[in-house]
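Engineer: A single structure is presented below for examination.
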Protein chains: 2
Amino acid sequence: MSDPVSKIGAGVATRRSVLRAGLAAGVALPAGALAARAEGPVPDPLITEVQDWARYNGDGVDAFPYGTPIRFESDVIRRNVPWLTADVISSINFTPIHALDGTITPAGCSFERHHSGAIELAKPDYRLMLNGLVDRPLVFTYDDLMRFPREQRVYFCECAANSGMEWAGAQLNGSQYTHGMIHNMEYVGVKLSTLLEEAGVQPEGEWIYVEGADASSNGRSIPMEKAMDDVMVAFKANGEALRKEHGYPVRLVVPGWEGNLWIKWLRRIEVTDVPVQAREETSKYTDTLADGTSRKWTWVMDAKSVVTAPSPQVPITHGPGPLVITGLAWSGRGAITRVDVSIDGGRNWREARLAAPGQSMAMTRFYLDFDWDGSEMLLQSRAIDETGYVQPTKDALREIRGTNSIYHNNGIQTWWIKEDGSAENVEVSS
Amino acid sequence: MSDPVSKIGAGVATRRSVLRAGLAAGVALPAGALAARAEGPVPDPLITEVQDWARYNGDGVDAFPYGTPIRFESDVIRRNVPWLTADVISSINFTPIHALDGTITPAGCSFERHHSGAIELAKPDYRLMLNGLVDRPLVFTYDDLMRFPREQRVYFCECAANSGMEWAGAQLNGSQYTHGMIHNMEYVGVKLSTLLEEAGVQPEGEWIYVEGADASSNGRSIPMEKAMDDVMVAFKANGEALRKEHGYPVRLVVPGWEGNLWIKWLRRIEVTDVPVQAREETSKYTDTLADGTSRKWTWVMDAKSVVTAPSPQVPITHGPGPLVITGLAWSGRGAITRVDVSIDGGRNWREARLAAPGQSMAMTRFYLDFDWDGSEMLLQSRAIDETGYVQPTKDALREIRGTNSIYHNNGIQTWWIKEDGSAENVEVSS
């Protein structure tokens, strides 16, 4: 690719200059309104003529007992990449983060990752066993779980392999594909510590082994310290029952830690003295380093961010002037405290505006109200969390971890925004 | 009805006693687990036998590009009441708040209120006119709006007529019907003040008149002070585009104020010196008092709450012991700071636990972890907001406002919980 860095020169607009420049964004009407419009810009039939939607009645309140998006938004969907895996029952699809705004991810377009497909398990058939090194092995029905004190929290869930294809360089053209193995929902459930206390963990119980009711079972080991801290046995997301593909009726929520631990269709929790070393934590979900050895137990998802618009799927469709640059940031170690944006590939940074104060282990939306001069940009964002951790460059990560892994790539993403407003996934040397 | 007050006597459980009592909720397995289960309770085939969902693969990630709830949740839907209005295109349906938890309302089951049906308006066809007493009349396309600085906030939207049928006594049997004309979503949009500043409001501009693109237009007047404060021109709710039935592509968000002001398919904002006195603010959306005069401009939704479970649609299905009492609280004047729960029809109150600190003009979830002794209850909740306002009884409201109105009933709701766990909408004298 050519190096557009030298052409970058647009300044950040002040709020005042954004508003002034924004005048160009509206069509000015002569004072006196509609009757006088003939002397102004070309009359807009959408304003001067009565449209069908103002002439006829629309749908009644009985039309859609459960609503879905309007047909014009049919491209805002989860997408899978057929060549990525051998079979769709052990695969992934991607949240259309490029088309969303705010922080809540609607369940309908929140990514899925299955190891043997999404199963259908009715509440009356649901059982959760808690056994192993406990004083009282227990089996809970769904109704049993509903009798324990609940909590409500917003958390992100990110697949360890999110951005995994990017280790080898810019691969996938769009934030949906590079960063879309993530969603952010408001969960309601019972703290796992409540259930463990109910069973009585024995002194040698240092780990739990958790598994799902699906054929893969997807078993994973979690240290007791985390299990007793903030892990949740959840049954609602964004107010309603979990969707089938997200573990209906009960899944594990492991705040800030990789999504593979968030066991869906949760069926068993065994208290153990040592980790089980199951398939999903030995042959997979370890980070193979340059020398062939592996990092293990790399559960935490480190601070990360991405510009969702403009981006390859969301080109700039207007000329120079006001441009909202926006994206998402998150950290498995706490709250996001700052996000910086660069338009010159990381040479200079300016602080973005957080849409709301960062919440621990939840997504944060950032905005940069920018006055684009129409020249190329190498657009990046970097997240900083409450521990002071700064999202690293991809090169800095590769120096330590090599390129053999597909997991835990939280490197800074670059979009090359061209003069025509189109965007491309590129790499810059750091 | 009989007066069950005298029979009420259950105490609030401490956390410790809830957990102790909760033992009964799980089936205890003998230590040694499955092999030894024959000596314990009757073997549970759901645990001892391999089920189909653990034997066969489920759906692949290509099955549902946009997901909807699992079929077992088909009763968690918006419901309309055919006898309530003459036609479904000028009617209401109700959010199934009884079946939800947390605070976010999924768009798919968020209530609708239309005056001439839900129209279909594509983004390229969208225009927003800003005219009247402004220096520069403007017309914005959808793309224009996307270039202004955005904000993100969670707000509740409540129809002024929510609980309106209850003025005349206990009418509708279920929180979905008594309190379901409400939803709570995370909105993203442009502050209306930004657009008004762009147009330049003239000194005599004291009001705005806002209308929708549907046939009803549903015009309303709003004081300039509110318009310049926190009103939002919104295009996303819960991350994604507004649903058709909620005003796609653009609606007005008027935080804390009655839902009728939240103009859907927003097409025009006219700056005026006096209110327009339109149909929807004279013949309707005024509160007729006992003497036949009317309260006008009653925009704010005062503090209110309701127990969502147990409730008529969510009976208690188990015997005495741990019971989670939960509900929702909100206030148009700020954040909820406290919710009290009574089990004896308002004689005694105990403080509920807020699931998260109250957010201004957004819903708050409350829980009371209760040890039910199996006797009847007259279950109530009352909300208190940051201004110190305490949700009143229905009788206190009727004393001032009479029973002629259908609007702004924020009185305390009572559910009569019977010994068999069923519940009924009742009134108690206060």
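Each chain of the structure tokens is named A, B, ... in the order shown, its residues numbered from 1; ligands are numbered from 1 in display order.
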So which residues touch stretch 272-286 of chain A within 10 Å, counting only C-alpha atoms, skipping near sequence neighbours fewer than 5 positions away, as an NGL selection string?

Structural biologist: :A and (131-134 or 159-161 or 201-210 or 216-224 or 258 or 260-261 or 293-299 or 405-408)

Engineer: Just list the residues in stretch 184-295 of chain B DSSP gives helix (DSSP H, G or I) on the backbone, as a list in words.

Structural biologist: Leu192, Ser193, Thr194, Leu195, Leu196, Glu197, Glu198, Ala199, Met224, Glu225, Lys226, Ala227, Lys244, Glu245, His246, Gly259, Asn260, Leu261, Arg279, Glu280 and Glu281 of chain B

Engineer: Expressed in Å to a single decimal, how great is the separation between atom CA of B:Gly319 and atom CA of B:Thr414?

Structural biologist: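 Distance reported for this atom pair: 21.2 Å.
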
Engineer: Need the shell around B:Thr194: protein/DNA/RNA residues with any atom at most 8 Å away, counting only C-alpha atoms. Skip same-chain ones fewer than 3 positions apart. Format as a list in words?

Structural biologist: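 In the requested format, the answer is Leu19 of chain A; Phe148, Val190, Lys191, Glu197 and Glu198 of chain B.
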
Engineer: For the residues in the current selection, export N, CA, C and O atoms as an mmCIF file, in the first residue's frame.

Structural biologist:
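Produced file result-v1.cif, reproduced below:
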```
data_model
loop_
_atom_site.group_PDB
_atom_site.id
_atom_site.type_symbol
_atom_site.label_atom_id
_atom_site.label_comp_id
_atom_site.auth_asym_id
_atom_site.auth_seq_id
_atom_site.Cartn_x
_atom_site.Cartn_y
_atom_site.Cartn_z
ATOM 1 N N LEU A 19 -20.140 22.982 14.777
ATOM 2 C CA LEU A 19 -21.485 23.476 14.571
ATOM 3 C C LEU A 19 -21.546 24.440 13.390
ATOM 4 O O LEU A 19 -22.447 24.384 12.568
ATOM 5 N N PHE B 148 -23.626 15.268 13.253
ATOM 6 C CA PHE B 148 -23.594 16.085 14.475
ATOM 7 C C PHE B 148 -23.132 15.261 15.676
ATOM 8 O O PHE B 148 -23.336 14.044 15.710
ATOM 9 N N VAL B 190 -28.807 12.882 18.506
ATOM 10 C CA VAL B 190 -28.243 14.232 18.560
ATOM 11 C C VAL B 190 -29.100 15.041 19.523
ATOM 12 O O VAL B 190 -30.333 14.916 19.512
ATOM 13 N N LYS B 191 -28.477 15.836 20.350
ATOM 14 C CA LYS B 191 -29.268 16.691 21.240
ATOM 15 C C LYS B 191 -30.053 17.692 20.394
ATOM 16 O O LYS B 191 -29.501 18.297 19.462
ATOM 17 N N GLU B 197 -29.629 25.295 17.927
ATOM 18 C CA GLU B 197 -28.553 26.292 17.865
ATOM 19 C C GLU B 197 -28.090 26.500 16.430
ATOM 20 O O GLU B 197 -27.730 27.605 16.025
ATOM 21 N N GLU B 198 -28.101 25.420 15.682
ATOM 22 C CA GLU B 198 -27.733 25.476 14.267
ATOM 23 C C GLU B 198 -28.672 26.408 13.491
ATOM 24 O O GLU B 198 -28.236 27.165 12.623
#
```

Engineer: Counting only C-alpha atoms, what is within 12 Å of B:Glu166, bar same-chain residues fewer than 3 positions away, as JSON, numbers by chain?

Structural biologist: {"B": [161, 162, 163, 169, 170, 171, 172, 173, 174, 175, 177, 178, 179, 393, 394, 395, 397, 398, 403, 404, 405, 406, 407, 408, 409, 410, 411, 412, 413, 414, 425, 426, 427]}

Engineer: If we count only C-alpha atoms and set the cut-off at 12 Å, which residues sit around B:Arg251, ignoring sequence neighbours fewer than 5 positions away in its own chain? Please answer as a ChimeraX atom specification.

Structural biologist: /B:121,126,128,142,157,187-192,210-214,231-237,241-246,259-269

Engineer: As a count of residues only, please: every residue in stretch 229-424 of chain B that DSSP puts in strand (DSSP E).

Structural biologist: 73

Engineer: From the set A:Ile97, A:Ala54, A:Ala86, A:Met363, which residue has the shortest atom-to-atom contact distance to chain B, counting only C-alpha atoms?

Structural biologist: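 Selected residue with least distance to chain B: A:Ala54.
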
Engineer: Rank B:Met228, B:Val300, B:Ile182, B:Leu368 by their smallest atom-to-atom distance to chain A, using only C-alpha atoms, and report the top residue only.

Structural biologist: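 Comparing B:Met228, B:Val300, B:Ile182, B:Leu368 against chain A, the winner is B:Leu368.
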
Engineer: I'd like the contact shell of A:Ile417 - 9 Å cut-off, only C-alpha atoms, skipping same-chain residues fewer than 4 positions apart - returned as number ranges by chain.

Structural biologist: A: 310-312, 315-316, 375-379, 421-424

Engineer: Mind checking which residues fall within 6 Å of stretch 62-79 of chain A, counting only C-alpha atoms, ignoring those fewer than 6 positions away in the same chain, and posting them as an NGL selection string?

Structural biologist: (:A and (93-96 or 109)) or (:B and (65-66 or 77-78 or 108-109 or 243-244))

Engineer: Residues as selected, all heavy atoms, written as a compact mmCIF listing (two decimals), in the first residue's frame, can you do that?

Structural biologist:
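Saved the output as again39.txt:
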```txt
# COMPACT_ATOMS: atom_id res chain seq x y z
N ASN A 93 -19.96 -16.77 14.34
CA ASN A 93 -20.38 -15.67 13.47
C ASN A 93 -20.07 -14.36 14.18
O ASN A 93 -19.61 -14.38 15.33
CB ASN A 93 -21.85 -15.81 13.03
CG ASN A 93 -22.82 -15.86 14.20
OD1 ASN A 93 -22.53 -15.37 15.30
ND2 ASN A 93 -23.98 -16.43 13.97
N PHE A 94 -20.30 -13.25 13.50
CA PHE A 94 -19.77 -11.97 13.97
C PHE A 94 -20.89 -10.94 14.18
O PHE A 94 -21.77 -10.78 13.32
CB PHE A 94 -18.78 -11.42 12.95
CG PHE A 94 -17.60 -12.31 12.68
CD1 PHE A 94 -17.68 -13.32 11.72
CD2 PHE A 94 -16.42 -12.17 13.39
CE1 PHE A 94 -16.59 -14.15 11.46
CE2 PHE A 94 -15.33 -12.99 13.14
CZ PHE A 94 -15.42 -14.00 12.17
N THR A 95 -20.81 -10.23 15.29
CA THR A 95 -21.74 -9.14 15.57
C THR A 95 -21.50 -7.99 14.60
O THR A 95 -20.34 -7.61 14.37
CB THR A 95 -21.51 -8.62 17.01
OG1 THR A 95 -21.61 -9.71 17.93
CG2 THR A 95 -22.52 -7.54 17.37
N PRO A 96 -22.55 -7.41 14.02
CA PRO A 96 -22.37 -6.28 13.10
C PRO A 96 -22.07 -4.98 13.85
O PRO A 96 -22.84 -4.01 13.78
CB PRO A 96 -23.71 -6.21 12.37
CG PRO A 96 -24.70 -6.73 13.37
CD PRO A 96 -23.96 -7.81 14.14
N CYS A 109 -28.53 -9.87 17.19
CA CYS A 109 -27.36 -9.81 16.31
C CYS A 109 -26.07 -9.96 17.10
O CYS A 109 -24.99 -9.58 16.63
CB CYS A 109 -27.36 -8.56 15.44
SG CYS A 109 -27.40 -7.01 16.31
N PRO B 65 -29.39 -15.54 10.99
CA PRO B 65 -28.56 -14.32 10.91
C PRO B 65 -29.05 -13.24 11.88
O PRO B 65 -28.25 -12.49 12.42
CB PRO B 65 -28.74 -13.88 9.46
CG PRO B 65 -29.07 -15.14 8.72
CD PRO B 65 -29.88 -15.96 9.69
N TYR B 66 -30.36 -13.16 12.07
CA TYR B 66 -30.89 -12.30 13.12
C TYR B 66 -31.78 -13.17 13.99
O TYR B 66 -32.77 -13.72 13.52
CB TYR B 66 -31.68 -11.11 12.55
CG TYR B 66 -31.90 -10.03 13.59
CD1 TYR B 66 -31.05 -8.94 13.68
CD2 TYR B 66 -32.92 -10.16 14.53
CE1 TYR B 66 -31.22 -7.98 14.67
CE2 TYR B 66 -33.09 -9.20 15.52
CZ TYR B 66 -32.23 -8.12 15.59
OH TYR B 66 -32.41 -7.17 16.58
N ILE B 77 -44.55 -11.72 25.03
CA ILE B 77 -44.84 -10.88 23.86
C ILE B 77 -45.67 -9.67 24.29
O ILE B 77 -46.28 -9.66 25.35
CB ILE B 77 -45.62 -11.65 22.78
CG1 ILE B 77 -46.86 -12.34 23.41
CG2 ILE B 77 -44.73 -12.65 22.07
CD1 ILE B 77 -47.77 -13.00 22.41
N ARG B 78 -45.67 -8.67 23.41
CA ARG B 78 -46.58 -7.55 23.58
C ARG B 78 -48.01 -8.07 23.39
O ARG B 78 -48.25 -8.90 22.52
CB ARG B 78 -46.32 -6.49 22.50
CG ARG B 78 -44.91 -5.99 22.47
CD ARG B 78 -44.75 -4.84 21.48
NE ARG B 78 -44.57 -5.29 20.13
CZ ARG B 78 -43.59 -4.90 19.31
NH1 ARG B 78 -42.70 -4.02 19.74
NH2 ARG B 78 -43.49 -5.33 18.07
N GLY B 108 -37.99 -5.82 20.78
CA GLY B 108 -38.99 -6.73 20.23
C GLY B 108 -40.26 -6.85 21.05
O GLY B 108 -41.32 -7.18 20.52
N CYS B 109 -40.17 -6.59 22.35
CA CYS B 109 -41.38 -6.68 23.19
C CYS B 109 -41.67 -5.37 23.91
O CYS B 109 -42.39 -5.35 24.91
CB CYS B 109 -41.31 -7.88 24.13
SG CYS B 109 -39.95 -7.91 25.27
N ARG B 243 -36.78 0.44 15.86
CA ARG B 243 -37.73 -0.42 15.16
C ARG B 243 -38.79 0.45 14.47
O ARG B 243 -39.10 1.56 14.96
CB ARG B 243 -38.38 -1.40 16.13
CG ARG B 243 -37.40 -2.39 16.77
CD ARG B 243 -36.88 -3.38 15.74
NE ARG B 243 -35.81 -4.23 16.27
CZ ARG B 243 -36.01 -5.34 16.98
NH1 ARG B 243 -37.24 -5.72 17.29
NH2 ARG B 243 -34.99 -6.07 17.39
N LYS B 244 -39.36 -0.08 13.40
CA LYS B 244 -40.43 0.60 12.69
C LYS B 244 -41.49 1.14 13.65
O LYS B 244 -41.88 2.30 13.58
CB LYS B 244 -41.06 -0.41 11.72
CG LYS B 244 -42.31 0.06 11.01
CD LYS B 244 -42.85 -1.10 10.15
CE LYS B 244 -44.12 -0.70 9.42
NZ LYS B 244 -44.64 -1.80 8.58
```

Engineer: Select, from B:Met181, B:Val50, B:Leu289, B:Ile336, the residue with the minimum atom-to-atom distance to A:Ala215, counting only C-alpha atoms.

Structural biologist: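 With only C-alpha atoms as the atom set, the closest residue is B:Val50.
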
Engineer: Please report the interatomic distance between atom CA of A:Gln313 and atom CA of A:Leu100 in Å with one decimal.

Structural biologist: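 Distance between the two atoms: 11.8 Å.
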